[in-house]
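One file, start.txt, is given below (compact mmCIF, N, CA and C atoms).
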# COMPACT_ATOMS: atom_id res chain seq x y z
N MET K 3 -8.23 -14.65 -9.91
CA MET K 3 -8.90 -15.19 -8.73
C MET K 3 -9.62 -14.07 -8.00
N PRO K 4 -10.80 -14.35 -7.51
CA PRO K 4 -11.56 -13.33 -6.78
C PRO K 4 -10.89 -12.92 -5.46
N ILE K 5 -11.28 -11.76 -4.97
CA ILE K 5 -10.77 -11.22 -3.72
C ILE K 5 -11.63 -11.76 -2.57
N ARG K 6 -10.97 -12.31 -1.57
CA ARG K 6 -11.67 -12.84 -0.40
C ARG K 6 -12.01 -11.70 0.55
N TYR K 7 -13.17 -11.80 1.20
CA TYR K 7 -13.55 -10.81 2.21
C TYR K 7 -14.18 -11.49 3.41
N ARG K 8 -14.22 -10.75 4.50
CA ARG K 8 -14.93 -11.22 5.71
C ARG K 8 -15.79 -10.09 6.22
N ILE K 9 -16.80 -10.45 6.98
CA ILE K 9 -17.67 -9.46 7.61
C ILE K 9 -17.28 -9.38 9.08
N THR K 10 -17.04 -8.15 9.54
CA THR K 10 -16.57 -7.92 10.90
C THR K 10 -17.48 -6.93 11.61
N LYS K 11 -17.74 -7.20 12.88
CA LYS K 11 -18.55 -6.29 13.70
C LYS K 11 -17.64 -5.21 14.26
N ARG K 12 -18.04 -3.96 14.13
CA ARG K 12 -17.27 -2.83 14.64
C ARG K 12 -18.13 -1.95 15.53
N SER K 13 -17.55 -1.46 16.59
CA SER K 13 -18.24 -0.52 17.48
C SER K 13 -17.83 0.89 17.14
N ASN K 14 -18.78 1.81 17.16
CA ASN K 14 -18.49 3.22 16.93
C ASN K 14 -18.31 3.88 18.29
N ASN K 15 -17.06 4.07 18.70
CA ASN K 15 -16.77 4.66 20.01
C ASN K 15 -16.78 6.18 20.00
N ILE K 16 -16.88 6.78 18.83
CA ILE K 16 -16.86 8.24 18.71
C ILE K 16 -18.25 8.83 18.89
N ALA K 17 -19.24 8.18 18.31
CA ALA K 17 -20.62 8.69 18.37
C ALA K 17 -21.16 8.62 19.79
N LEU K 18 -22.12 9.48 20.08
CA LEU K 18 -22.76 9.48 21.40
C LEU K 18 -23.47 8.16 21.66
N GLU K 19 -24.15 7.67 20.64
CA GLU K 19 -24.84 6.39 20.76
C GLU K 19 -23.86 5.29 20.34
N LYS K 20 -23.44 4.46 21.28
CA LYS K 20 -22.46 3.40 21.01
C LYS K 20 -23.14 2.26 20.26
N LYS K 21 -23.24 2.41 18.97
CA LYS K 21 -23.94 1.45 18.14
C LYS K 21 -22.92 0.64 17.33
N SER K 22 -23.14 -0.66 17.23
CA SER K 22 -22.26 -1.52 16.44
C SER K 22 -22.77 -1.62 15.01
N ASN K 23 -21.85 -1.70 14.09
CA ASN K 23 -22.15 -1.90 12.68
C ASN K 23 -21.29 -3.03 12.15
N TYR K 24 -21.63 -3.49 10.97
CA TYR K 24 -20.84 -4.53 10.32
C TYR K 24 -20.17 -3.93 9.10
N ILE K 25 -18.93 -4.34 8.87
CA ILE K 25 -18.20 -3.89 7.69
C ILE K 25 -17.64 -5.09 6.95
N MET K 26 -17.32 -4.88 5.69
CA MET K 26 -16.64 -5.90 4.89
C MET K 26 -15.17 -5.53 4.82
N GLN K 27 -14.29 -6.53 4.98
CA GLN K 27 -12.85 -6.30 4.90
C GLN K 27 -12.24 -7.27 3.90
N ALA K 28 -11.36 -6.77 3.04
CA ALA K 28 -10.61 -7.63 2.14
C ALA K 28 -9.63 -8.45 2.97
N VAL K 29 -9.46 -9.72 2.61
CA VAL K 29 -8.57 -10.62 3.33
C VAL K 29 -7.47 -11.09 2.39
N SER K 30 -6.23 -10.97 2.82
CA SER K 30 -5.10 -11.43 2.01
C SER K 30 -5.12 -12.95 1.92
N THR K 31 -4.77 -13.46 0.76
CA THR K 31 -4.68 -14.91 0.58
C THR K 31 -3.24 -15.38 0.57
N GLY K 32 -2.32 -14.52 0.93
CA GLY K 32 -0.91 -14.91 0.98
C GLY K 32 -0.01 -13.77 0.56
N THR K 33 1.28 -14.02 0.66
CA THR K 33 2.29 -13.03 0.31
C THR K 33 3.18 -13.59 -0.80
N ILE K 34 3.48 -12.75 -1.77
CA ILE K 34 4.40 -13.12 -2.83
C ILE K 34 5.74 -12.47 -2.51
N ASP K 35 6.79 -13.27 -2.36
CA ASP K 35 8.10 -12.71 -2.02
C ASP K 35 8.89 -12.37 -3.28
N ILE K 36 10.05 -11.77 -3.07
CA ILE K 36 10.88 -11.30 -4.19
C ILE K 36 11.35 -12.44 -5.07
N ASN K 37 11.55 -13.63 -4.50
CA ASN K 37 11.99 -14.78 -5.30
C ASN K 37 10.90 -15.20 -6.28
N ARG K 38 9.68 -15.28 -5.80
CA ARG K 38 8.56 -15.67 -6.67
C ARG K 38 8.33 -14.61 -7.74
N LEU K 39 8.34 -13.35 -7.33
CA LEU K 39 8.13 -12.26 -8.27
C LEU K 39 9.22 -12.25 -9.34
N SER K 40 10.46 -12.44 -8.92
CA SER K 40 11.59 -12.47 -9.86
C SER K 40 11.44 -13.61 -10.85
N TYR K 41 11.04 -14.77 -10.35
CA TYR K 41 10.84 -15.94 -11.21
C TYR K 41 9.75 -15.67 -12.25
N GLU K 42 8.62 -15.14 -11.80
CA GLU K 42 7.50 -14.88 -12.70
C GLU K 42 7.86 -13.84 -13.76
N ILE K 43 8.54 -12.77 -13.35
CA ILE K 43 8.95 -11.74 -14.31
C ILE K 43 9.95 -12.30 -15.30
N SER K 44 10.90 -13.12 -14.82
CA SER K 44 11.92 -13.68 -15.72
C SER K 44 11.31 -14.57 -16.79
N ASN K 45 10.16 -15.16 -16.50
CA ASN K 45 9.48 -16.00 -17.49
C ASN K 45 8.76 -15.19 -18.56
N GLU K 46 8.70 -13.87 -18.39
CA GLU K 46 8.01 -13.02 -19.35
C GLU K 46 8.95 -12.06 -20.08
N CYS K 47 10.25 -12.23 -19.86
CA CYS K 47 11.21 -11.35 -20.53
C CYS K 47 12.53 -12.10 -20.73
N THR K 48 13.53 -11.40 -21.22
CA THR K 48 14.82 -12.03 -21.51
C THR K 48 15.78 -12.01 -20.32
N LEU K 49 15.38 -11.41 -19.22
CA LEU K 49 16.24 -11.37 -18.03
C LEU K 49 16.11 -12.66 -17.24
N SER K 50 17.21 -13.04 -16.59
CA SER K 50 17.16 -14.22 -15.72
C SER K 50 16.53 -13.83 -14.39
N LYS K 51 16.18 -14.83 -13.60
CA LYS K 51 15.61 -14.60 -12.27
C LYS K 51 16.57 -13.79 -11.41
N VAL K 52 17.86 -14.09 -11.50
CA VAL K 52 18.88 -13.38 -10.72
C VAL K 52 18.96 -11.92 -11.16
N ASP K 53 18.90 -11.67 -12.47
CA ASP K 53 18.94 -10.29 -12.97
C ASP K 53 17.73 -9.49 -12.49
N VAL K 54 16.56 -10.09 -12.56
CA VAL K 54 15.34 -9.41 -12.12
C VAL K 54 15.43 -9.10 -10.63
N LYS K 55 15.89 -10.07 -9.85
CA LYS K 55 16.02 -9.87 -8.41
C LYS K 55 16.99 -8.73 -8.11
N ALA K 56 18.09 -8.66 -8.86
CA ALA K 56 19.06 -7.58 -8.67
C ALA K 56 18.43 -6.22 -8.97
N VAL K 57 17.63 -6.15 -10.02
CA VAL K 57 16.96 -4.90 -10.37
C VAL K 57 15.97 -4.50 -9.27
N LEU K 58 15.23 -5.47 -8.74
CA LEU K 58 14.26 -5.16 -7.69
C LEU K 58 14.95 -4.68 -6.41
N PHE K 59 16.09 -5.29 -6.06
CA PHE K 59 16.85 -4.82 -4.91
C PHE K 59 17.36 -3.40 -5.14
N ALA K 60 17.89 -3.15 -6.34
CA ALA K 60 18.38 -1.81 -6.67
C ALA K 60 17.23 -0.80 -6.64
N LEU K 61 16.07 -1.20 -7.11
CA LEU K 61 14.90 -0.32 -7.07
C LEU K 61 14.58 0.07 -5.63
N GLY K 62 14.60 -0.89 -4.73
CA GLY K 62 14.35 -0.61 -3.32
C GLY K 62 15.34 0.39 -2.76
N GLU K 63 16.62 0.22 -3.09
CA GLU K 63 17.65 1.15 -2.60
C GLU K 63 17.46 2.54 -3.18
N LYS K 64 17.12 2.62 -4.45
CA LYS K 64 16.92 3.93 -5.09
C LYS K 64 15.65 4.60 -4.58
N LEU K 65 14.61 3.82 -4.31
CA LEU K 65 13.40 4.40 -3.71
C LEU K 65 13.76 5.07 -2.40
N GLU K 66 14.48 4.36 -1.55
CA GLU K 66 14.88 4.92 -0.25
C GLU K 66 15.72 6.18 -0.43
N PHE K 67 16.69 6.14 -1.33
CA PHE K 67 17.57 7.29 -1.55
C PHE K 67 16.78 8.53 -1.96
N HIS K 68 15.93 8.39 -2.96
CA HIS K 68 15.19 9.55 -3.48
C HIS K 68 14.09 10.00 -2.53
N LEU K 69 13.46 9.07 -1.81
CA LEU K 69 12.46 9.46 -0.82
C LEU K 69 13.09 10.28 0.29
N LYS K 70 14.31 9.91 0.71
CA LYS K 70 15.03 10.69 1.73
C LYS K 70 15.33 12.10 1.25
N GLU K 71 15.44 12.28 -0.06
CA GLU K 71 15.69 13.59 -0.65
C GLU K 71 14.41 14.40 -0.81
N GLY K 72 13.28 13.81 -0.43
CA GLY K 72 12.00 14.51 -0.53
C GLY K 72 11.35 14.42 -1.90
N LYS K 73 11.84 13.53 -2.73
CA LYS K 73 11.30 13.38 -4.09
C LYS K 73 10.07 12.48 -4.09
N THR K 74 9.23 12.66 -5.10
CA THR K 74 8.14 11.74 -5.39
C THR K 74 8.63 10.83 -6.50
N ILE K 75 8.47 9.54 -6.32
CA ILE K 75 8.92 8.58 -7.32
C ILE K 75 7.72 8.08 -8.10
N ASP K 76 7.75 8.29 -9.40
CA ASP K 76 6.66 7.90 -10.28
C ASP K 76 7.09 6.68 -11.09
N ILE K 77 6.56 5.52 -10.73
CA ILE K 77 6.80 4.30 -11.50
C ILE K 77 5.58 4.14 -12.39
N GLU K 78 5.76 4.52 -13.62
CA GLU K 78 4.70 4.77 -14.59
C GLU K 78 3.45 3.91 -14.49
N ASN K 79 3.56 2.60 -14.62
CA ASN K 79 2.34 1.78 -14.63
C ASN K 79 1.96 1.26 -13.25
N ILE K 80 2.72 1.65 -12.22
CA ILE K 80 2.41 1.22 -10.85
C ILE K 80 1.80 2.37 -10.06
N GLY K 81 2.52 3.47 -9.97
CA GLY K 81 2.01 4.62 -9.24
C GLY K 81 3.12 5.47 -8.66
N LYS K 82 2.74 6.41 -7.81
CA LYS K 82 3.68 7.36 -7.22
C LYS K 82 3.84 7.08 -5.73
N PHE K 83 5.09 7.21 -5.27
CA PHE K 83 5.43 7.03 -3.86
C PHE K 83 6.01 8.33 -3.34
N LYS K 84 5.62 8.72 -2.13
CA LYS K 84 6.24 9.88 -1.50
C LYS K 84 6.14 9.74 0.01
N ILE K 85 7.03 10.43 0.71
CA ILE K 85 7.07 10.38 2.16
C ILE K 85 6.02 11.32 2.73
N GLY K 86 5.39 10.90 3.80
CA GLY K 86 4.47 11.74 4.55
C GLY K 86 4.78 11.56 6.03
N PHE K 87 4.19 12.38 6.85
CA PHE K 87 4.35 12.19 8.30
C PHE K 87 3.16 12.72 9.06
N LYS K 88 3.01 12.20 10.27
CA LYS K 88 1.96 12.64 11.19
C LYS K 88 2.64 13.56 12.20
N SER K 89 2.03 14.72 12.42
CA SER K 89 2.62 15.64 13.40
C SER K 89 1.56 16.13 14.36
N ILE K 90 2.02 16.61 15.50
CA ILE K 90 1.10 17.17 16.48
C ILE K 90 0.83 18.62 16.12
N ALA K 91 -0.28 19.14 16.59
CA ALA K 91 -0.65 20.54 16.33
C ALA K 91 -0.14 21.42 17.46
N ALA K 92 0.05 22.69 17.14
CA ALA K 92 0.45 23.68 18.15
C ALA K 92 -0.30 24.97 17.88
N GLU K 93 -0.53 25.73 18.92
CA GLU K 93 -1.22 27.01 18.77
C GLU K 93 -0.34 28.03 18.06
N ASN K 94 0.96 27.91 18.21
CA ASN K 94 1.91 28.86 17.63
C ASN K 94 2.85 28.11 16.68
N ALA K 95 3.03 28.64 15.48
CA ALA K 95 3.89 28.00 14.49
C ALA K 95 5.33 27.86 14.97
N LYS K 96 5.78 28.80 15.80
CA LYS K 96 7.16 28.75 16.31
C LYS K 96 7.40 27.55 17.22
N ASP K 97 6.32 26.98 17.76
CA ASP K 97 6.45 25.82 18.65
C ASP K 97 6.64 24.51 17.89
N LEU K 98 6.48 24.55 16.57
CA LEU K 98 6.61 23.33 15.77
C LEU K 98 8.06 23.13 15.32
N THR K 99 8.61 21.99 15.68
CA THR K 99 9.95 21.60 15.22
C THR K 99 9.88 20.13 14.81
N PRO K 100 10.68 19.74 13.82
CA PRO K 100 10.64 18.34 13.39
C PRO K 100 10.88 17.34 14.53
N LYS K 101 11.85 17.63 15.38
CA LYS K 101 12.19 16.69 16.44
C LYS K 101 11.04 16.51 17.45
N LYS K 102 10.35 17.59 17.81
CA LYS K 102 9.28 17.52 18.80
C LYS K 102 7.91 17.25 18.19
N SER K 103 7.68 17.68 16.97
CA SER K 103 6.33 17.69 16.42
C SER K 103 5.99 16.51 15.52
N ILE K 104 6.99 15.92 14.87
CA ILE K 104 6.70 14.79 13.98
C ILE K 104 6.59 13.53 14.82
N VAL K 105 5.43 12.90 14.75
CA VAL K 105 5.16 11.70 15.54
C VAL K 105 5.69 10.46 14.84
N LYS K 106 5.38 10.32 13.54
CA LYS K 106 5.88 9.18 12.78
C LYS K 106 5.83 9.48 11.29
N TYR K 107 6.69 8.80 10.57
CA TYR K 107 6.76 8.91 9.11
C TYR K 107 6.02 7.73 8.48
N HIS K 108 5.53 7.95 7.28
CA HIS K 108 4.88 6.88 6.54
C HIS K 108 5.10 7.09 5.05
N LEU K 109 4.72 6.10 4.28
CA LEU K 109 4.86 6.16 2.83
C LEU K 109 3.48 6.32 2.21
N ASN K 110 3.30 7.35 1.40
CA ASN K 110 2.06 7.55 0.67
C ASN K 110 2.20 6.90 -0.70
N PHE K 111 1.15 6.24 -1.14
CA PHE K 111 1.13 5.62 -2.46
C PHE K 111 -0.11 6.09 -3.20
N GLN K 112 0.09 6.55 -4.42
CA GLN K 112 -1.02 6.94 -5.29
C GLN K 112 -0.96 6.05 -6.51
N PRO K 113 -1.94 5.17 -6.70
CA PRO K 113 -1.90 4.27 -7.84
C PRO K 113 -1.92 5.01 -9.17
N SER K 114 -1.34 4.37 -10.18
CA SER K 114 -1.31 4.95 -11.52
C SER K 114 -2.72 5.01 -12.10
N VAL K 115 -2.88 5.77 -13.16
CA VAL K 115 -4.18 5.87 -13.85
C VAL K 115 -4.60 4.48 -14.31
N TYR K 116 -3.66 3.69 -14.80
CA TYR K 116 -3.94 2.33 -15.25
C TYR K 116 -4.56 1.51 -14.12
N ILE K 117 -3.94 1.54 -12.95
CA ILE K 117 -4.45 0.76 -11.81
C ILE K 117 -5.78 1.33 -11.32
N LYS K 118 -5.92 2.66 -11.31
CA LYS K 118 -7.19 3.27 -10.89
C LYS K 118 -8.34 2.82 -11.80
N ARG K 119 -8.09 2.79 -13.10
CA ARG K 119 -9.13 2.35 -14.04
C ARG K 119 -9.46 0.88 -13.83
N TRP K 120 -8.44 0.07 -13.59
CA TRP K 120 -8.62 -1.36 -13.34
C TRP K 120 -9.48 -1.57 -12.09
N LEU K 121 -9.19 -0.82 -11.02
CA LEU K 121 -9.95 -0.94 -9.78
C LEU K 121 -11.38 -0.43 -9.94
N LYS K 122 -11.55 0.64 -10.74
CA LYS K 122 -12.87 1.23 -10.94
C LYS K 122 -13.83 0.25 -11.62
N LYS K 123 -13.29 -0.64 -12.44
CA LYS K 123 -14.12 -1.64 -13.10
C LYS K 123 -14.72 -2.63 -12.11
N GLY K 124 -14.08 -2.75 -10.96
CA GLY K 124 -14.56 -3.69 -9.94
C GLY K 124 -13.87 -5.04 -10.07
N LEU K 125 -13.86 -5.77 -8.98
CA LEU K 125 -13.22 -7.08 -8.93
C LEU K 125 -14.22 -8.11 -8.41
N LYS K 126 -14.04 -9.34 -8.81
CA LYS K 126 -14.88 -10.40 -8.27
C LYS K 126 -14.47 -10.65 -6.83
N THR K 127 -15.44 -10.94 -5.99
CA THR K 127 -15.18 -11.20 -4.58
C THR K 127 -15.91 -12.46 -4.13
N TYR K 128 -15.44 -13.02 -3.02
CA TYR K 128 -16.15 -14.13 -2.39
C TYR K 128 -15.95 -14.06 -0.89
N LYS K 129 -16.94 -14.55 -0.16
CA LYS K 129 -16.91 -14.50 1.30
C LYS K 129 -15.99 -15.59 1.84
N GLU K 130 -15.21 -15.22 2.84
CA GLU K 130 -14.32 -16.16 3.50
C GLU K 130 -15.12 -17.36 3.99
N GLY K 131 -14.62 -18.55 3.71
CA GLY K 131 -15.32 -19.76 4.12
C GLY K 131 -16.20 -20.35 3.03
N SER K 132 -16.48 -19.57 1.99
CA SER K 132 -17.27 -20.10 0.87
C SER K 132 -16.31 -20.44 -0.26
N THR K 133 -16.82 -21.03 -1.32
CA THR K 133 -15.96 -21.34 -2.46
C THR K 133 -15.69 -20.08 -3.25
N SER K 134 -14.55 -20.04 -3.92
CA SER K 134 -14.14 -18.83 -4.64
C SER K 134 -14.72 -18.74 -6.04
N ASN K 135 -15.49 -19.69 -6.47
CA ASN K 135 -16.03 -19.65 -7.84
C ASN K 135 -17.34 -18.97 -7.90
Here is the file; what I need is its structure written in the form of structure tokens.
Amino acid sequence: MPIRYRITKRSNNIALEKKSNYIMQAVSTGTIDINRLSYEISNECTLSKVDVKAVLFALGEKLEFHLKEGKTIDIENIGKFKIGFKSIAAENAKDLTPKKSIVKYHLNFQPSVYIKRWLKKGLKTYKEGSTSN
């Protein structure tokens, strides 16, 4: 199915000349939960839906465990996950401490080569409100 998009007006508040531009944004068409994903995967292998769901829950727990250890997790055909954070700057390195300087943590994702090649080929798109064909 093609990717839905919308056109949105944006103001550039950084530039001296406050000029508006239009951008295209991808629009989600819904969310797939763990039950649906487990069901679909179970239909393509010998594992039951319950077994697949258990593996996905365990994967989530192991991701958290290893990310807390500072590891990068490489899930071969999906990509790599690692922890990152936003910090404030200081004039002196001695003034930087995790408690005072780290503003927030986030998860970095780098898609696998397989996914990068798939994305590079391009995807079909359609404008929100029009037909998807």
| Nearest-residue call for His108 in chain K, choices K:Leu125, K:Ala92, K:Ile85, K:Ala60, using all atoms listed in the file | K:Ile85
| query | Quick one: residues within 12 Å of Pro4 in chain K, only C-alpha atoms counted, chain neighbours fewer than 3 positions away excluded, as a ChimeraX atom specification? | reply | /K:7,28-31,124-130,132-135
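Of note, CA of Lys96 in chain K and atom C of Asn110 in chain K are spaced 28.1 Å apart.
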| said: Going by DSSP on the backbone, which residues of range 33-94 of chain K come out as helix (DSSP H, G or I)? List them as a list in words. | reply: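 DSSP on the backbone gives helix (DSSP H, G or I) at Ile36, Asn37, Arg38, Leu39, Ser40, Tyr41, Glu42, Ile43, Ser44, Lys51, Val52, Asp53, Val54, Lys55, Ala56, Val57, Leu58, Phe59, Ala60, Leu61, Gly62, Glu63, Lys64, Leu65, Glu66, Phe67, His68, Leu69 and Lys70 of chain K.
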| Interatomic distance (Å, one decimal) between CA of Ser44 in chain K and atom N of Met3 in chain K |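 A separation of 21.0 Å between them.
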For Ser103 in chain K: contacts at 7 Å, only C-alpha atoms, fewer than 3 positions along chain excluded, given as a tab-separated table (two decimals) with N, CA and C atoms, keeping the file's coordinate frame:
chain	number	residue	atom	x	y	z
K	89	SER	N	2.03	14.72	12.42
K	89	SER	CA	2.62	15.64	13.40
K	89	SER	C	1.56	16.13	14.36
K	90	ILE	N	2.02	16.61	15.50
K	90	ILE	CA	1.10	17.17	16.48
K	90	ILE	C	0.83	18.62	16.12
K	98	LEU	N	6.48	24.55	16.57
K	98	LEU	CA	6.61	23.33	15.77
K	98	LEU	C	8.06	23.13	15.32
K	99	THR	N	8.61	21.99	15.68
K	99	THR	CA	9.95	21.60	15.22
K	99	THR	C	9.88	20.13	14.81
K	100	PRO	N	10.68	19.74	13.82
K	100	PRO	CA	10.64	18.34	13.39
K	100	PRO	C	10.88	17.34	14.53
| task | Tell me, as a PyMOL selection string, which residues lie within 8 Å of Asn37 in chain K, counting only N, CA and C atoms; anything in the same chain fewer than 5 positions away does not count. | result | chain K and resi 42-43+51+55
Assuming 3 Å of padding per side, give the centre and edge lengths of the axis-aligned box around every listed atom of range 31-44 of chain K, in Å to one decimal and as lines of an AutoDock Vina configuration file.
center_x = 3.6
center_y = -13.6
center_z = -7.9
size_x = 22.8
size_y = 10.6
size_z = 23.8
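You will find atom N of Asn79 in chain K at 6.2 Å from CA of Ser114 in chain K.
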| field | DSSP strand (DSSP E) selection over chain K, as a ChimeraX atom specification | value | /K:5-13,22-29,75-77,81-89,104-113,127-129
| query | What would the list of residues within 8 Å of (2.2, 2.0, -10.2) (file frame) look like as a PyMOL selection string, if all atoms listed in the file are what count? | reply | chain K and resi 76-83+112-117
| request: Determine the nearest neighbour of Lys84 in chain K from the options K:Asn45, K:Thr10, K:Leu69, K:Phe59, counting all atoms listed in the file. | output: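 Distance minimum relative to Lys84 in chain K lands on K:Leu69.
The list of residues with at least one atom within 7 Å of Phe87 in chain K, based on only N, CA and C atoms and without residues fewer than 5 positions apart in the same chain, reads Ile104, Val105, Lys106, Tyr107, His108 and Leu109 of chain K.
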Any chance you could export the current selection's N, CA and C atoms as an mmCIF file, in the frame of the given file?
data_model
loop_
_atom_site.group_PDB
_atom_site.id
_atom_site.type_symbol
_atom_site.label_atom_id
_atom_site.label_comp_id
_atom_site.auth_asym_id
_atom_site.auth_seq_id
_atom_site.Cartn_x
_atom_site.Cartn_y
_atom_site.Cartn_z
ATOM 1 N N ILE K 104 6.990 15.920 14.870
ATOM 2 C CA ILE K 104 6.700 14.790 13.980
ATOM 3 C C ILE K 104 6.590 13.530 14.820
ATOM 4 N N VAL K 105 5.430 12.900 14.750
ATOM 5 C CA VAL K 105 5.160 11.700 15.540
ATOM 6 C C VAL K 105 5.690 10.460 14.840
ATOM 7 N N LYS K 106 5.380 10.320 13.540
ATOM 8 C CA LYS K 106 5.880 9.180 12.780
ATOM 9 C C LYS K 106 5.830 9.480 11.290
ATOM 10 N N TYR K 107 6.690 8.800 10.570
ATOM 11 C CA TYR K 107 6.760 8.910 9.110
ATOM 12 C C TYR K 107 6.020 7.730 8.480
ATOM 13 N N HIS K 108 5.530 7.950 7.280
ATOM 14 C CA HIS K 108 4.880 6.880 6.540
ATOM 15 C C HIS K 108 5.100 7.090 5.050
ATOM 16 N N LEU K 109 4.720 6.100 4.280
ATOM 17 C CA LEU K 109 4.860 6.160 2.830
ATOM 18 C C LEU K 109 3.480 6.320 2.210
#
